[in-house]
Amino acid sequence: MNKVSYLGELEQMILWTVLRLEDGAYGLAVRDQLEERAGRSVARGAVYTTLDRLVRKGYLESRLADADESRAGRPRRYFTVTAAGREALKESRDALVSLWSGYEAAVEK
Amino acid sequence: MKRRGIAGRFSETLLRLAMRDREAFDGLVGDLEEEASRDGASRRVDNRVLVALAGRYALDALRHFVSSGGSRRLAQTRQRRRQAAIVEDFRLAARLLRRRRGFAVAVVGTLALGFGAAGAVLSVAYGVWLRPLPFAGPRDLVRIYEVRLEGDEGSLSGDAPNRPAAFDADVTRRSRLSPPLLHDLRAADWASLTGIAAVSGISYDWERDGGAQRISGVTASRGVFSVLGLEPLAGRFFSDVAGTREVVLSEGLWRRAFGAARSVVGTDFLTLDGERYLIVGVAPDGLPYPQVAGEVWTPFDPSGDDLSEGMRGARYLDVVARLRSGADLVAARGELDAFLRDLGTEHEQHAGWSATAVSLREDLARPFVDTLQLLLGAAALFLLIACTNVAGLVATRRIRDRGQRELCLALGAARARLLRQEVAEMVLLGAAACLPAAAITAAAMAPLRNLAPADMPRLAEIRPDALVIGLLGITLLAACIVISLLGNALGRRPQVPKRGPHPTTTAPTTPRSVLMVAQVALTTVLLLGGAALAHHFRGLATARPGFNAEGIAVAPVVLNAYAYGDDALRLQFFEATIEGLQRRGHLAAVGVNPPVSGSTMRFGYRAGDGSNVDAEEQHWGQYHVVSPDYFEVLEIPLVSGRVFEPTDREGAMPVVIINETLARAHFAIDPVGREMTVVGTTRRIVGVVGSVAHFGPDRAPPAEMYVPLAQDPWLLGHLLIRPIDNYAADDARSVAASIDATVPVPMLAPYEEYLRTWFAPLRFQLTIVSLLAIAGAALAIVGLYSLIAFVVADRTREIGIRVALGESAGSIFAAVVGRGLGLASAGIVLGIAIALSLRGTLGAAGVGGELDEPMVATGVAAVVLAAAFAAAAWPARRAARVDPVEALRRN
């Protein structure tokens with residue numbers, strides 16, 4: 001993928017959450033963090049399909065680790081943001097910042 | 001996981017199929033478990049959550065599919081706009097469907113059933129027949145047969161054209177290869193073939209810890225593993241040095257006896273039949289070839305005796321080869337034919353023979369191809385019934401929606417857009433049916449594997465294959481588009497009620513009736529197929545095979561070649577065993593090559609009284625070696641002459657008993673007292689016995705020759721016992737053990753098992769075709785019911801007026817039922833016509849003739865009519881009870 005494609009709102013939020021969770025970013029933690037930050041519940045399906053989509057786009061990488069009893073022996077799937085993911089997130093942020101520049105002045109008028 | 005049960009497993013399978021990625025699935029389900037246990041230790045993961053997630057993933061995949069499919073072809077903006085429109089179509093369709101849950105469930109359920117069943121049958125056919133063999137370069141693997149060009153088994157119809165191509169196809173003319181021929185083939189240069197190798201079954205006495213145990217093995221040419229392209233699990237395969245005693249363990253034996261220790265490879269020895277073999281490697285288990293299951297592989301190094309001229313007729317080696325790259329079967333056949341023709345001029349045993357190469361994969365599946373084709377046909381019919389049923393539902397839907405549709409058009413909606421939306425609705429339903437269909441296919445695998453005949457090859461490889469599922473998924477979506485267009489075309493035409501005195505004459509011929517007739521016709525075809533199979537099965541099961549298997553216990557006994565190298569010792573063992581059993585009151589005999597046991601020994605003979613046959617011409621018949629009481633045990637009737645007597649021994653005059661088939665073919669009058677040549681020995685015919693269905697009840701009995709055990713004792717024989725009490729099995733073991741404790745006597749089994757095994761493919765066909773036919777009939781009946789119910793509901797007002805005008809309830813009931821029966825009759829007639837036109841296809845499966853049985857056709861017609869009556873009677877009762885006041889007020 002030589003061109004950074006457009007990131008949706010949920011995609012941006014999830015990328016940013018994974019980045020901030022550093023080594024602890026697995027599905028459940030990402031969803032908890034999102035709900036805490038956004039202050040509302042986020043649909044399970046939306047979170048997981050978005051995570052998978054971001055992996056497919058090459059913005060996230062995943063690995064399996066830490067299977068234990070509370071998870072019925074199934075491993076956690078940890079995510080890390082790739083270089084392309086950081087680039088895409090940065091571009092999205094820049095676009096938003098430039099979009100909103102001058103907002104205060106316009107509102108104050 | 002705490003939640004387990006059918007629903008739990010089903011929803012988990014749904015989710016896994018929808019997610020496709022195993023890692024992602026594990027991570028997600030683990031998260032759900034963690035979440036549940038965090039909320040309280042006893043909480044369980046809710047199945048509904050799994051199903052909802054599966055739906056979400058399926059939708060996401062669909063969206064991804066839609067967006068990635070168009071991206072390359074369209075300009076970005078146009079694409080986005082169209083995508084938005086399509087997504088909008090789907091969103092609207094989903095919203096509409098949510099309001100018509102009953103319709104959606106019926107369509108998804110029917111499609112899932114149809115495609116799930118088709119997927120199951122297709123998976124079996126693919127796994128057994130079409131999937132490439134699990135060897136390297138599987139397409140290039142061929143099996144080589146020697147093919148007899150002239151003469152045939154016992155009969156005198158020598159008028160077949162003498163062309164190799166015609167003989168190639170006739171599997172009864174095929175033989176395996178003899179060691180000298182294998183040697184010649186391997187020594188020759190081939191432009192089309194490389195790496196010719198043979199395998200054959202063998203058994204060994206394995207001496208271990210002071211005792212001996214019998215194990216089965218495969219003895220194979222040293223190059224066999226490289227021909228098949230196998231890799232050893234440990235160690236290596238055979239070296240190229242002839243004469244070195246090496247053994248390759250099967251994976252099973254390696255694990256069981258050696259705990260899968262790598263240290264045994266290259267250092268330990270196995271003592272087999274008194275010889276020490278170095279363990280050089282381990283071969284994987286579960287291979288579809290060779291078909292003999294062996295625990296050890298030993299190299300086949302033919303001795304000088306093996307390669308003698310006399311061995312040219314000993315055709316027992318199963319030979320595989322690999323086509324050179326660029327060569328094809330035609331080239332290989334040409335080369336083999338030319339080679340055998342040359343060989344035939346030098347060696348009498350090969351005169352009149354050719355050889356051929358066939359695809360190994362096809363040849364392994366060959367005995368079951370007819371069965372599989374029949375099942376595929378039945379599954380296709382069932383699928384058609386399901387699709388027709390859905391088309392009927394869609395047509396009704398369209399008729400119901402006509403008002404809304406007209407409103408949309410009046411408000412300025414484009415026709416194309418409406419159509420697109422209707423297609424989107426069906427595609428959505430089709431997509432929703434994909435997962436349950438795949439789940440049905442997956443769930444059917446284990447029962448099908450259990451139901452299939454045990455000797456069906458590659459049963460272990462049957463699984464819901466990605467290719468099969470993908471193909472069916474695409475077909476499903478395509479079918480949905482077709483159904484939607486068809487339903488639309490049929491449902492759109494306005495219904496113009498004609499006026500008339502009677503409901504049947506005024507009823508408009510709705511397009512659904514056409515679909516209904518088609519559905520009943522397809523069901524009739526399927527039911528006829530099932531009934532013909534059942535009739536065929538019953539006919540064969542009650543046919544007299546020429547002997548009485550009932551009550552006989554049987555066990556194959558194989559003597560060890562090095563302990564029983566001498567004829568006298570073999571005879572002594574078998575005769576002492578029979579005598580011991582008879583002393584205990586059982587009726588016992590030994591026979592080589594008993595009927596329906598799957599064994600076949602086609603040996604050459606020359607016979608004739610000069611009246612109408614050339615006595616010098618070589619013919620072929622089944623060869624048996626039997627003890628005197630063999631005919632009494634199997635209750636094979638003596639037609640003339642006598643059975644064997646204890647005096648028919650080595651040194652006395654060589655004698656033979658023939659069956660009626662052989663006698664009729666070669667002798668104008670009673671052949672008793674005449675002489676014939678059996679495998680080179682001249683023998684006097686002392687008796688004629690009844691013919692026996694050696695190859696099973698559906699095949700004509702071959703010519704058969706029986707030679708006394710005392711004149712040709714073999715290493716192997718079936719012990720046949722007609723017991724007087726329940727202790728026959730114990731007696732057989734103790735008697736055999738008292739003579740030679742090292743000879744293993746397998747468990748006695750009822751002789752009828754052989755017949756059951758023989759019937760297994762037929763039973764498999766019958767079970768599956770019956771299930772499909774019953775399910776298809778159920779769909780058709782429900783379809784008929786819903787059509788009649790719809791017509792009644794649609795015309796309640798009209799019926800109300802009729803009742804108000806004085807028409808009796810009975811007459812209305814009769815009219816409605818009459819309509820249902822009329823449609824069903826048309827379907828039955830059409831179905832019978834279709835079935836008769838398919839006779840040729842059914843004939844290939846051996847059941848074409850049964851369609852002519854009046855019982856079969858009338859029986860099916862009666863069943864369908866009765867079911868149609870039941871389906872129509874319910875709505876008809878409602879019609880007859882219509883309250884005119886109520887009906888008129890409602891509209």
# chains A, B, ... in the order shown; residues from 1 in each chain; ligands from 1
call {"tool": "select_by_dssp", "arguments": {"residues": "chain A", "states": "alpha helix (DSSP H)", "output": "count of residues only"}}
result
63
call {"tool": "residues_around", "arguments": {"residues": "B:Ala741", "least_positions_apart": "6", "cutoff": "12 Å", "atoms": "only C-alpha atoms", "output": "number ranges by chain"}}
result
B: 211-213, 559, 573, 732-735
call {"tool": "closest_atom_pairs", "arguments": {"of": "chain B", "to": "chain A", "cutoff": "8 Å", "atoms": "only C-alpha atoms", "output": "CSV"}}
result
residue,atom,partner,partner_atom,distance
B:Met1,CA,A:Ala72,CA,5.1
B:Glu23,CA,A:Leu64,CA,7.4
B:Ala24,CA,A:Arg77,CA,7.1
B:Asp26,CA,A:Arg74,CA,6.0
B:Gly27,CA,A:Arg77,CA,4.8
B:Leu28,CA,A:Gly27,CA,7.0
B:Val29,CA,A:Arg74,CA,7.5
B:Gly30,CA,A:Arg71,CA,4.8
B:Asp31,CA,A:Leu28,CA,5.7
B:Leu32,CA,A:Arg71,CA,7.8
B:Glu33,CA,A:Arg71,CA,5.0
B:Glu34,CA,A:Arg71,CA,4.9
B:Glu35,CA,A:Leu28,CA,7.5
B:Ser37,CA,A:Ser70,CA,6.2
B:Ala52,CA,A:Gly45,CA,7.8
B:Leu53,CA,A:Gly45,CA,5.4
B:Arg56,CA,A:Gly45,CA,6.0
B:Tyr57,CA,A:Thr49,CA,6.5
B:Asp60,CA,A:Thr49,CA,7.1
call {"tool": "atom_distance", "arguments": {"atom1": "atom CA of B:Val292", "atom2": "atom CA of B:Thr219"}}
result
10.2 Å
call {"tool": "residues_around", "arguments": {"residues": "stretch 96-105 of chain A", "least_positions_apart": "4", "cutoff": "12 Å", "atoms": "only C-alpha atoms", "output": "ChimeraX atom specification"}}
result
/A:6-9,12,89-92,109
call {"tool": "select_by_dssp", "arguments": {"residues": "chain A", "states": "strand (DSSP E or B)", "output": "PyMOL selection string"}}
result
chain A and resi 26+60-65+76-81
call {"tool": "write_last_selection", "arguments": {"atoms": "N, CA and C atoms", "output": "compact mmCIF listing (two decimals), in the first residue's frame"}}
result
# COMPACT_ATOMS: atom_id res chain seq x y z
N TYR A 26 -4.79 -5.96 24.03
CA TYR A 26 -5.52 -7.07 23.42
C TYR A 26 -6.99 -6.68 23.41
N LEU A 60 -1.86 -2.69 11.87
CA LEU A 60 -1.64 -3.39 13.14
C LEU A 60 -1.01 -4.74 12.85
N GLU A 61 -0.26 -5.22 13.88
CA GLU A 61 0.24 -6.58 13.82
C GLU A 61 -0.29 -7.30 15.05
N SER A 62 -0.45 -8.63 14.96
CA SER A 62 -0.94 -9.33 16.15
C SER A 62 -0.08 -10.53 16.46
N ARG A 63 -0.07 -10.90 17.73
CA ARG A 63 0.62 -12.13 18.16
C ARG A 63 -0.20 -12.74 19.29
N LEU A 64 -0.05 -14.06 19.49
CA LEU A 64 -0.80 -14.76 20.53
C LEU A 64 0.10 -14.99 21.73
N ALA A 65 -0.44 -14.82 22.94
CA ALA A 65 0.32 -15.11 24.17
C ALA A 65 -0.64 -15.21 25.34
N ARG A 76 -4.39 -14.77 24.58
CA ARG A 76 -4.76 -13.39 24.24
C ARG A 76 -4.11 -13.05 22.91
N ARG A 77 -4.79 -12.18 22.15
CA ARG A 77 -4.23 -11.74 20.88
C ARG A 77 -3.82 -10.28 21.06
N TYR A 78 -2.54 -10.08 21.17
CA TYR A 78 -2.01 -8.73 21.41
C TYR A 78 -1.76 -8.01 20.10
N PHE A 79 -2.04 -6.71 20.09
CA PHE A 79 -1.84 -5.92 18.88
C PHE A 79 -0.74 -4.88 19.10
N THR A 80 0.03 -4.61 18.06
CA THR A 80 0.97 -3.48 18.09
C THR A 80 0.78 -2.69 16.80
N VAL A 81 1.02 -1.38 16.90
CA VAL A 81 0.84 -0.52 15.73
C VAL A 81 2.10 -0.60 14.87
call {"tool": "residues_around", "arguments": {"residues": "B:Asp46", "least_positions_apart": "5", "cutoff": "10 Å", "atoms": "only C-alpha atoms", "output": "PyMOL selection string"}}
result
chain B and resi 3+8+11+32-33+36+51
call {"tool": "decode", "arguments": {"residues": "stretch 715-728 of chain B", "atoms": "all heavy atoms", "output": "tab-separated table (two decimals), in the first residue's frame"}}
result
chain	number	residue	atom	x	y	z
B	715	LEU	N	-1.52	-72.18	1.45
B	715	LEU	CA	-1.15	-71.64	2.75
B	715	LEU	C	-2.35	-70.96	3.42
B	715	LEU	O	-2.37	-70.76	4.61
B	715	LEU	CB	-0.04	-70.59	2.59
B	715	LEU	CG	1.36	-71.14	2.42
B	715	LEU	CD1	2.30	-70.01	2.07
B	715	LEU	CD2	1.82	-71.84	3.69
B	716	LEU	N	-3.33	-70.58	2.60
B	716	LEU	CA	-4.45	-69.85	3.18
B	716	LEU	C	-5.74	-70.57	2.87
B	716	LEU	O	-5.83	-71.32	1.90
B	716	LEU	CB	-4.51	-68.43	2.62
B	716	LEU	CG	-4.54	-68.29	1.11
B	716	LEU	CD1	-5.96	-68.07	0.63
B	716	LEU	CD2	-3.66	-67.16	0.67
B	717	GLY	N	-6.70	-70.38	3.70
B	717	GLY	CA	-8.00	-70.98	3.48
B	717	GLY	C	-9.00	-70.39	4.45
B	717	GLY	O	-8.63	-69.92	5.53
B	718	HIS	N	-10.26	-70.36	4.03
B	718	HIS	CA	-11.29	-69.90	4.95
B	718	HIS	C	-11.83	-71.11	5.69
B	718	HIS	O	-12.23	-72.09	5.08
B	718	HIS	CB	-12.43	-69.21	4.19
B	718	HIS	CG	-12.12	-67.80	3.82
B	718	HIS	ND1	-11.27	-67.49	2.78
B	718	HIS	CD2	-12.53	-66.62	4.34
B	718	HIS	CE1	-11.19	-66.16	2.68
B	718	HIS	NE2	-11.94	-65.61	3.61
B	719	LEU	N	-11.82	-71.01	7.03
B	719	LEU	CA	-12.40	-72.05	7.85
B	719	LEU	C	-13.90	-71.76	7.92
B	719	LEU	O	-14.31	-70.68	8.32
B	719	LEU	CB	-11.77	-71.96	9.24
B	719	LEU	CG	-11.96	-73.12	10.20
B	719	LEU	CD1	-11.45	-74.41	9.56
B	719	LEU	CD2	-11.19	-72.84	11.49
B	720	LEU	N	-14.72	-72.73	7.46
B	720	LEU	CA	-16.17	-72.53	7.43
B	720	LEU	C	-16.83	-73.52	8.38
B	720	LEU	O	-16.59	-74.73	8.27
B	720	LEU	CB	-16.70	-72.76	6.01
B	720	LEU	CG	-16.07	-71.90	4.91
B	720	LEU	CD1	-16.29	-72.53	3.55
B	720	LEU	CD2	-16.65	-70.51	4.95
B	721	ILE	N	-17.61	-73.00	9.31
B	721	ILE	CA	-18.21	-73.89	10.31
B	721	ILE	C	-19.71	-73.66	10.39
B	721	ILE	O	-20.17	-72.52	10.48
B	721	ILE	CB	-17.61	-73.61	11.72
B	721	ILE	CG1	-16.08	-73.70	11.66
B	721	ILE	CG2	-18.17	-74.60	12.74
B	721	ILE	CD1	-15.42	-73.31	12.96
B	722	ARG	N	-20.46	-74.76	10.31
B	722	ARG	CA	-21.90	-74.68	10.61
B	722	ARG	C	-22.04	-75.29	12.01
B	722	ARG	O	-22.02	-76.50	12.17
B	722	ARG	CB	-22.70	-75.46	9.56
B	722	ARG	CG	-24.11	-74.94	9.37
B	722	ARG	CD	-24.82	-75.63	8.22
B	722	ARG	NE	-24.73	-74.88	6.97
B	722	ARG	CZ	-25.40	-73.75	6.71
B	722	ARG	NH1	-26.17	-73.23	7.64
B	722	ARG	NH2	-25.28	-73.14	5.56
B	723	PRO	N	-22.10	-74.43	13.03
B	723	PRO	CA	-21.94	-74.93	14.40
B	723	PRO	C	-23.21	-75.56	14.96
B	723	PRO	O	-24.31	-75.21	14.53
B	723	PRO	CB	-21.59	-73.66	15.20
B	723	PRO	CG	-22.06	-72.52	14.36
B	723	PRO	CD	-22.33	-72.99	12.97
B	724	ILE	N	-23.01	-76.48	15.92
B	724	ILE	CA	-24.18	-77.05	16.58
B	724	ILE	C	-24.51	-76.29	17.86
B	724	ILE	O	-25.59	-76.40	18.39
B	724	ILE	CB	-24.00	-78.55	16.95
B	724	ILE	CG1	-22.72	-78.74	17.75
B	724	ILE	CG2	-24.07	-79.44	15.75
B	724	ILE	CD1	-22.79	-79.96	18.65
B	725	ASP	N	-23.56	-75.53	18.39
B	725	ASP	CA	-23.83	-74.80	19.62
B	725	ASP	C	-23.09	-73.47	19.57
B	725	ASP	O	-22.54	-73.10	18.53
B	725	ASP	CB	-23.41	-75.62	20.84
B	725	ASP	CG	-21.96	-76.07	20.71
B	725	ASP	OD1	-21.17	-75.36	20.07
B	725	ASP	OD2	-21.64	-77.15	21.23
B	726	ASN	N	-23.05	-72.77	20.69
B	726	ASN	CA	-22.43	-71.45	20.71
B	726	ASN	C	-20.93	-71.48	20.95
B	726	ASN	O	-20.31	-70.44	21.10
B	726	ASN	CB	-23.07	-70.60	21.81
B	726	ASN	CG	-24.54	-70.35	21.51
B	726	ASN	OD1	-24.92	-70.29	20.33
B	726	ASN	ND2	-25.36	-70.26	22.54
B	727	TYR	N	-20.36	-72.68	21.00
B	727	TYR	CA	-18.95	-72.74	21.40
B	727	TYR	C	-18.01	-72.90	20.21
B	727	TYR	O	-16.85	-73.23	20.39
B	727	TYR	CB	-18.75	-73.85	22.42
B	727	TYR	CG	-19.61	-73.65	23.63
B	727	TYR	CD1	-20.75	-74.42	23.84
B	727	TYR	CD2	-19.33	-72.63	24.54
B	727	TYR	CE1	-21.56	-74.20	24.93
B	727	TYR	CE2	-20.15	-72.41	25.63
B	727	TYR	CZ	-21.26	-73.19	25.82
B	727	TYR	OH	-22.07	-72.96	26.89
B	728	ALA	N	-18.54	-72.71	19.00
B	728	ALA	CA	-17.73	-72.95	17.81
B	728	ALA	C	-16.44	-72.12	17.83
B	728	ALA	O	-15.37	-72.61	17.49
B	728	ALA	CB	-18.53	-72.65	16.55
